[in-house]
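Engineer: Encoded as structure tokens, here's the structure I'll be asking about.
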Amino acid sequence: MPRRKPASAKQHKAELQLKRAIKRGDLPPESKPTHMASRRGQRGRPPQDRSSSEVNAKVQSSRRLQSAFIKLSPEFLEEAKHKAACLELSRPLSFKSALFPLVPESETSASNSHASELTVIKRPKWNYEMNKKQVESNEEGVFRRWLEANDTAIQAWKAGKKQLLDTQESSEEEEELQDPSTESQQTTNDTSSDKMPYAPPLFERNLEVWRQLWRVTEICQILLILLDSRCPLLHYPPSLHKYLSSFRTPRKIIFVLTKVDISGPGRSALWTEYLLSRYPGMRVVKVESYLEKKSGEGQGKRKTFEPHLPTELRRDLVEALKAAHAELCVPPPQISSNAERLSSWKPGIKHSVDWKAVLTAGDSDVQHQRHVNINASGEVSAEDAEDAIDSNIEDFVTIGVIGQPNVGKSSLLNALFGTHKVKASRTPGKTKHFQTLFWTSQIRLVDCPGLVFPDYVDMEMQVLAGILPISQIAAIPSCIYHALQYLPLEKILKLQHPAKKDTIAEDKRTWRKGMRPTGEGMQLRAEAELTWTAMDVLTAFAEMKGLITAKAGRPDINRAGNTILRAVAEGKIKWAFYPPDTDVSKLSQNNGLGIWIEEEGEDYEVNSIDSDREVSDNDESTSDLEGHSSTGGDESHGDDEILHISAGVGMFGALTLDDKSASD
């Protein structure tokens, strides 16, 4: 065995950073030397080791495209954790909780109409006489001023929102003083007037990521704006609409509703009608990106999926692209009305496109070079000659795919090609750099990295939709409290209230006749309906899954909240909002469910975040949440025959004992 080469702590740190970057997918994996090459290296030509400067350069280049957000203050985190344990949840959920919450006009008016000041940064003007350093310094200066303007607008909106809540609370107090009948209710609901602390909305604060958006919008003629069908308005804020409408050369925009298989055909159809009414003339199509594979015998309950786009949805998408391309080939009204300008006008896009080939294109039809049609006489065809007259017109149509993180951009591209063409992950922000793929020789697709656009929306709503990376969110109790305003998680996960464990157990002592106490007072607490808080939900889920802290042995609420939020954001727990203009009277069947899409015969099981650990098929307590139905083996026994076993669950599960199992 060759002697290990000594390395300094700085080199060791650089190697670890390189391994982590390769594991995240920021850098390509290293090519391992062959057996003969390693033997030749031992004979006197040792393999070349990467220097620490080279490793650091690659790591720094990968970090340049990482998303950056502001950090929440420790005071906010402590207050949110305290409020999550005090504020009681209103149950059952009202019908209005199923509607998407729009920003009220009263909040924007209270903040001096700052809602219109949130914008998407535009690329500053430049010319060919400027060098690279001058262009970058100009962009950095404009970016700093843009950040200050957006932060000021958000702070003003925050102050106006707080002022509006204070005025509402003061008016409620005056009504309670005038009406003496509400005094009794005031004593029982002292905590109802208290509110959760405000978390400012987060948006992208890395200039390098915004530069990716600039490149994509500059080179594309048609833009596919991907919207999550569970909450489309959250993915198309007014700032993005204003940015896309400001181009001098208009871009054709097509709305693409993703994750339709989660929201269902009913709600996705309602959202399609709402978007068409709000944005007249816009095209809206629906897509699905994955198809469940059929598992064979002995493969367990885990579901696997493959990229797939149904034929009908694929045809709708291609027809929308064809119609948008036809509009770009027609002169605009201001040119068609002028005969002189019309005679010299030429479309800035390739005129002839074989859309039938696009409809049936797959991974085997991808071509990265343009093929010119040459006839039998050896001359270029008339169509290609006409397109090549103007050298400024490219030989293909460029279509950009834009959207916020985790909306399904890379998954859509994989579904179009029918194979894993680009990297796709459940973690938001997997795509770091824009990448181009040729669908056919005449169609080029550009995948833009996901950006969190500025919008007046709560940070907790962004976490609920999976826009923000949950692993970087510290306000777990606040996000769980917000999710519980729309989802009955205690019912979905079938949790047991932690207070029920404090009830007095059955008295098994021997008593003389007539001396045994009735126990009505002791059972009063158990029979009473218990109220839930966000901290109760976290504690109950942590105890059910055996998630406890290492030192104190307490329920690990952070891991529990992380697991629940991942299940909600990834669609393991199916949910979707209704459009804001939906008639509430039509939601009578959705009583108490909020945005949850309940399906018959499904038993939800949420696994912990330790996905790297191998789980046996017989361990039902750590099975993934895949919406499969339970086996029903435990339901066939009576209550007296149920064996409560808690050993083997969690890190210290072997040290856990159950009173019921111990007494047996």
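Every chain in the structure tokens takes a letter, A first, then B, and so on in the order presented; its residues are numbered from 1, and the ligands are numbered from 1 following the presented order.
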Would you give me, as a VMD selection string, the residues in region 530-593 of chain A that DSSP reads as alpha helix (DSSP H)?

Structural biologist: chain A and resid 534 to 545 557 to 569

Engineer: Take the selection from the previous step and output its residues with C-alpha atoms, as a PDB file, in the first residue's frame.

Structural biologist:
```pdb
ATOM      1  CA  ALA A 534     -48.394  24.540  16.057  1.00  0.00           C
ATOM      2  CA  MET A 535     -46.004  23.332  18.746  1.00  0.00           C
ATOM      3  CA  ASP A 536     -48.439  20.552  19.683  1.00  0.00           C
ATOM      4  CA  VAL A 537     -48.400  19.318  16.086  1.00  0.00           C
ATOM      5  CA  LEU A 538     -44.592  19.341  15.975  1.00  0.00           C
ATOM      6  CA  THR A 539     -44.312  17.578  19.328  1.00  0.00           C
ATOM      7  CA  ALA A 540     -46.896  14.937  18.423  1.00  0.00           C
ATOM      8  CA  PHE A 541     -45.228  14.189  15.094  1.00  0.00           C
ATOM      9  CA  ALA A 542     -41.770  14.002  16.681  1.00  0.00           C
ATOM     10  CA  GLU A 543     -43.032  11.564  19.310  1.00  0.00           C
ATOM     11  CA  MET A 544     -44.813   9.454  16.694  1.00  0.00           C
ATOM     12  CA  LYS A 545     -41.654   9.177  14.563  1.00  0.00           C
ATOM     13  CA  ILE A 557     -39.355  19.866  16.691  1.00  0.00           C
ATOM     14  CA  ASN A 558     -36.907  21.172  14.067  1.00  0.00           C
ATOM     15  CA  ARG A 559     -36.492  17.787  12.376  1.00  0.00           C
ATOM     16  CA  ALA A 560     -40.223  17.158  12.674  1.00  0.00           C
ATOM     17  CA  GLY A 561     -41.081  20.500  11.086  1.00  0.00           C
ATOM     18  CA  ASN A 562     -38.469  19.992   8.371  1.00  0.00           C
ATOM     19  CA  THR A 563     -39.971  16.620   7.476  1.00  0.00           C
ATOM     20  CA  ILE A 564     -43.545  17.944   7.395  1.00  0.00           C
ATOM     21  CA  LEU A 565     -42.649  20.969   5.268  1.00  0.00           C
ATOM     22  CA  ARG A 566     -40.801  18.788   2.772  1.00  0.00           C
ATOM     23  CA  ALA A 567     -43.806  16.492   2.448  1.00  0.00           C
ATOM     24  CA  VAL A 568     -46.110  19.461   1.851  1.00  0.00           C
ATOM     25  CA  ALA A 569     -43.814  21.225  -0.627  1.00  0.00           C
TER      26      ALA A 569
END
```

Engineer: Using only C-alpha atoms, which residues sit within 9 Å of Lys122 (chain A) once same-chain residues fewer than 3 positions away are excluded, as a list in words?

Structural biologist: Thr119, Val142, Trp210, Trp214 and Tyr243 of chain A

Engineer: Can you tell me how far CA of Ala474 (chain A) sits from CA of Phe143 (chain A), in Å to one decimal?

Structural biologist: 26.7 Å

Engineer: Once you count only C-alpha atoms, what closest atom pair and distance in Å to one decimal does each residue of region 232-297 of chain A within 8 Å of region 394-417 of chain A have, with rows by chain and rising residue number, as a Markdown table?

Structural biologist:
```
| residue | atom | partner | partner_atom | distance |
| --- | --- | --- | --- | --- |
| A:His235 | CA | A:Gln404 | CA | 6.3 |
| A:Thr258 | CA | A:Gly408 | CA | 6.7 |
| A:Lys259 | CA | A:Gly408 | CA | 7.8 |
| A:Val287 | CA | A:Leu412 | CA | 7.9 |
| A:Glu288 | CA | A:Leu412 | CA | 7.7 |
| A:Ser289 | CA | A:Ala415 | CA | 5.2 |
| A:Tyr290 | CA | A:Ala415 | CA | 6.9 |
```

Engineer: Could you save those same residues with N, CA, C and O atoms as a PDB file, in the first residue's frame?

Structural biologist:
```pdb
ATOM      1  N   HIS A 235     -46.494  32.355  -8.491  1.00  0.00           N
ATOM      2  CA  HIS A 235     -45.357  32.186  -9.383  1.00  0.00           C
ATOM      3  C   HIS A 235     -45.341  33.212 -10.518  1.00  0.00           C
ATOM      4  O   HIS A 235     -44.418  33.163 -11.350  1.00  0.00           O
ATOM      5  N   THR A 258     -47.951  23.545 -14.322  1.00  0.00           N
ATOM      6  CA  THR A 258     -47.278  22.293 -14.014  1.00  0.00           C
ATOM      7  C   THR A 258     -47.941  21.612 -12.818  1.00  0.00           C
ATOM      8  O   THR A 258     -48.783  22.201 -12.129  1.00  0.00           O
ATOM      9  N   LYS A 259     -47.544  20.364 -12.598  1.00  0.00           N
ATOM     10  CA  LYS A 259     -48.023  19.562 -11.458  1.00  0.00           C
ATOM     11  C   LYS A 259     -49.545  19.449 -11.457  1.00  0.00           C
ATOM     12  O   LYS A 259     -50.192  19.522 -10.408  1.00  0.00           O
ATOM     13  N   VAL A 287     -49.466  20.723 -18.227  1.00  0.00           N
ATOM     14  CA  VAL A 287     -48.506  19.654 -18.496  1.00  0.00           C
ATOM     15  C   VAL A 287     -48.359  18.779 -17.254  1.00  0.00           C
ATOM     16  O   VAL A 287     -48.614  19.206 -16.123  1.00  0.00           O
ATOM     17  N   GLU A 288     -47.945  17.554 -17.507  1.00  0.00           N
ATOM     18  CA  GLU A 288     -47.498  16.613 -16.486  1.00  0.00           C
ATOM     19  C   GLU A 288     -46.123  16.117 -16.898  1.00  0.00           C
ATOM     20  O   GLU A 288     -45.872  15.890 -18.080  1.00  0.00           O
ATOM     21  N   SER A 289     -45.242  15.951 -15.931  1.00  0.00           N
ATOM     22  CA  SER A 289     -43.847  15.670 -16.273  1.00  0.00           C
ATOM     23  C   SER A 289     -43.411  14.254 -15.950  1.00  0.00           C
ATOM     24  O   SER A 289     -42.346  13.828 -16.399  1.00  0.00           O
ATOM     25  N   TYR A 290     -44.188  13.515 -15.171  1.00  0.00           N
ATOM     26  CA  TYR A 290     -43.732  12.191 -14.745  1.00  0.00           C
ATOM     27  C   TYR A 290     -44.855  11.182 -14.864  1.00  0.00           C
ATOM     28  O   TYR A 290     -46.041  11.518 -14.786  1.00  0.00           O
TER      29      TYR A 290
END
```

Engineer: Name the closest residue to Lys158 (chain A) among the candidates A:Lys293, A:Pro200, A:Pro580, A:Lys242; distances are taken between atoms, counting only C-alpha atoms.

Structural biologist: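 Smallest separation from Lys158 (chain A) among the options: A:Pro200.
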
Engineer: With only C-alpha atoms as the basis for distance, which of A:Thr531, A:Leu202, A:Gln462, A:Leu484 is at the shortest distance from Lys71 (chain A)?

Structural biologist: A:Leu202

Engineer: Write out as a Markdown table the residues of region 230-295 of chain A that have any atom within 7 Å of an atom of region 316-339 of chain A, one row each with the nearest atom pair and its distance in Å to one decimal, counting only C-alpha atoms, sorted by chain and then rising number.

Structural biologist:
```
| residue | atom | partner | partner_atom | distance |
| --- | --- | --- | --- | --- |
| A:Lys252 | CA | A:Ala324 | CA | 6.1 |
| A:Arg283 | CA | A:Ala320 | CA | 6.8 |
| A:Val285 | CA | A:Leu317 | CA | 6.2 |
```

Engineer: Print the selection's residues with N, CA, C and O atoms to a file, as an mmCIF file, in the first residue's frame.

Structural biologist:
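Output saved as again_17.cif:
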```
data_model
loop_
_atom_site.group_PDB
_atom_site.id
_atom_site.type_symbol
_atom_site.label_atom_id
_atom_site.label_comp_id
_atom_site.auth_asym_id
_atom_site.auth_seq_id
_atom_site.Cartn_x
_atom_site.Cartn_y
_atom_site.Cartn_z
ATOM 1 N N LYS A 252 -43.395 36.601 -27.036
ATOM 2 C CA LYS A 252 -44.650 35.895 -26.868
ATOM 3 C C LYS A 252 -44.557 35.033 -25.606
ATOM 4 O O LYS A 252 -43.607 34.263 -25.431
ATOM 5 N N ARG A 283 -52.039 32.636 -23.634
ATOM 6 C CA ARG A 283 -52.274 31.205 -23.840
ATOM 7 C C ARG A 283 -51.888 30.438 -22.582
ATOM 8 O O ARG A 283 -50.823 30.694 -22.000
ATOM 9 N N VAL A 285 -51.552 26.463 -21.075
ATOM 10 C CA VAL A 285 -51.530 25.021 -21.325
ATOM 11 C C VAL A 285 -51.187 24.315 -20.017
ATOM 12 O O VAL A 285 -50.597 24.903 -19.096
#
```

Engineer: Contacts of Phe434 (chain A) at 7 Å or less, counting only C-alpha atoms, minus same-chain residues fewer than 3 places along, as a ChimeraX atom specification?

Structural biologist: /A:212,446-449

Engineer: When you draw a straight line from CA of Leu489 (chain A) to CA of Leu234 (chain A), how long is it in Å?

Structural biologist: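 Distance between the two atoms: 22.1 Å.
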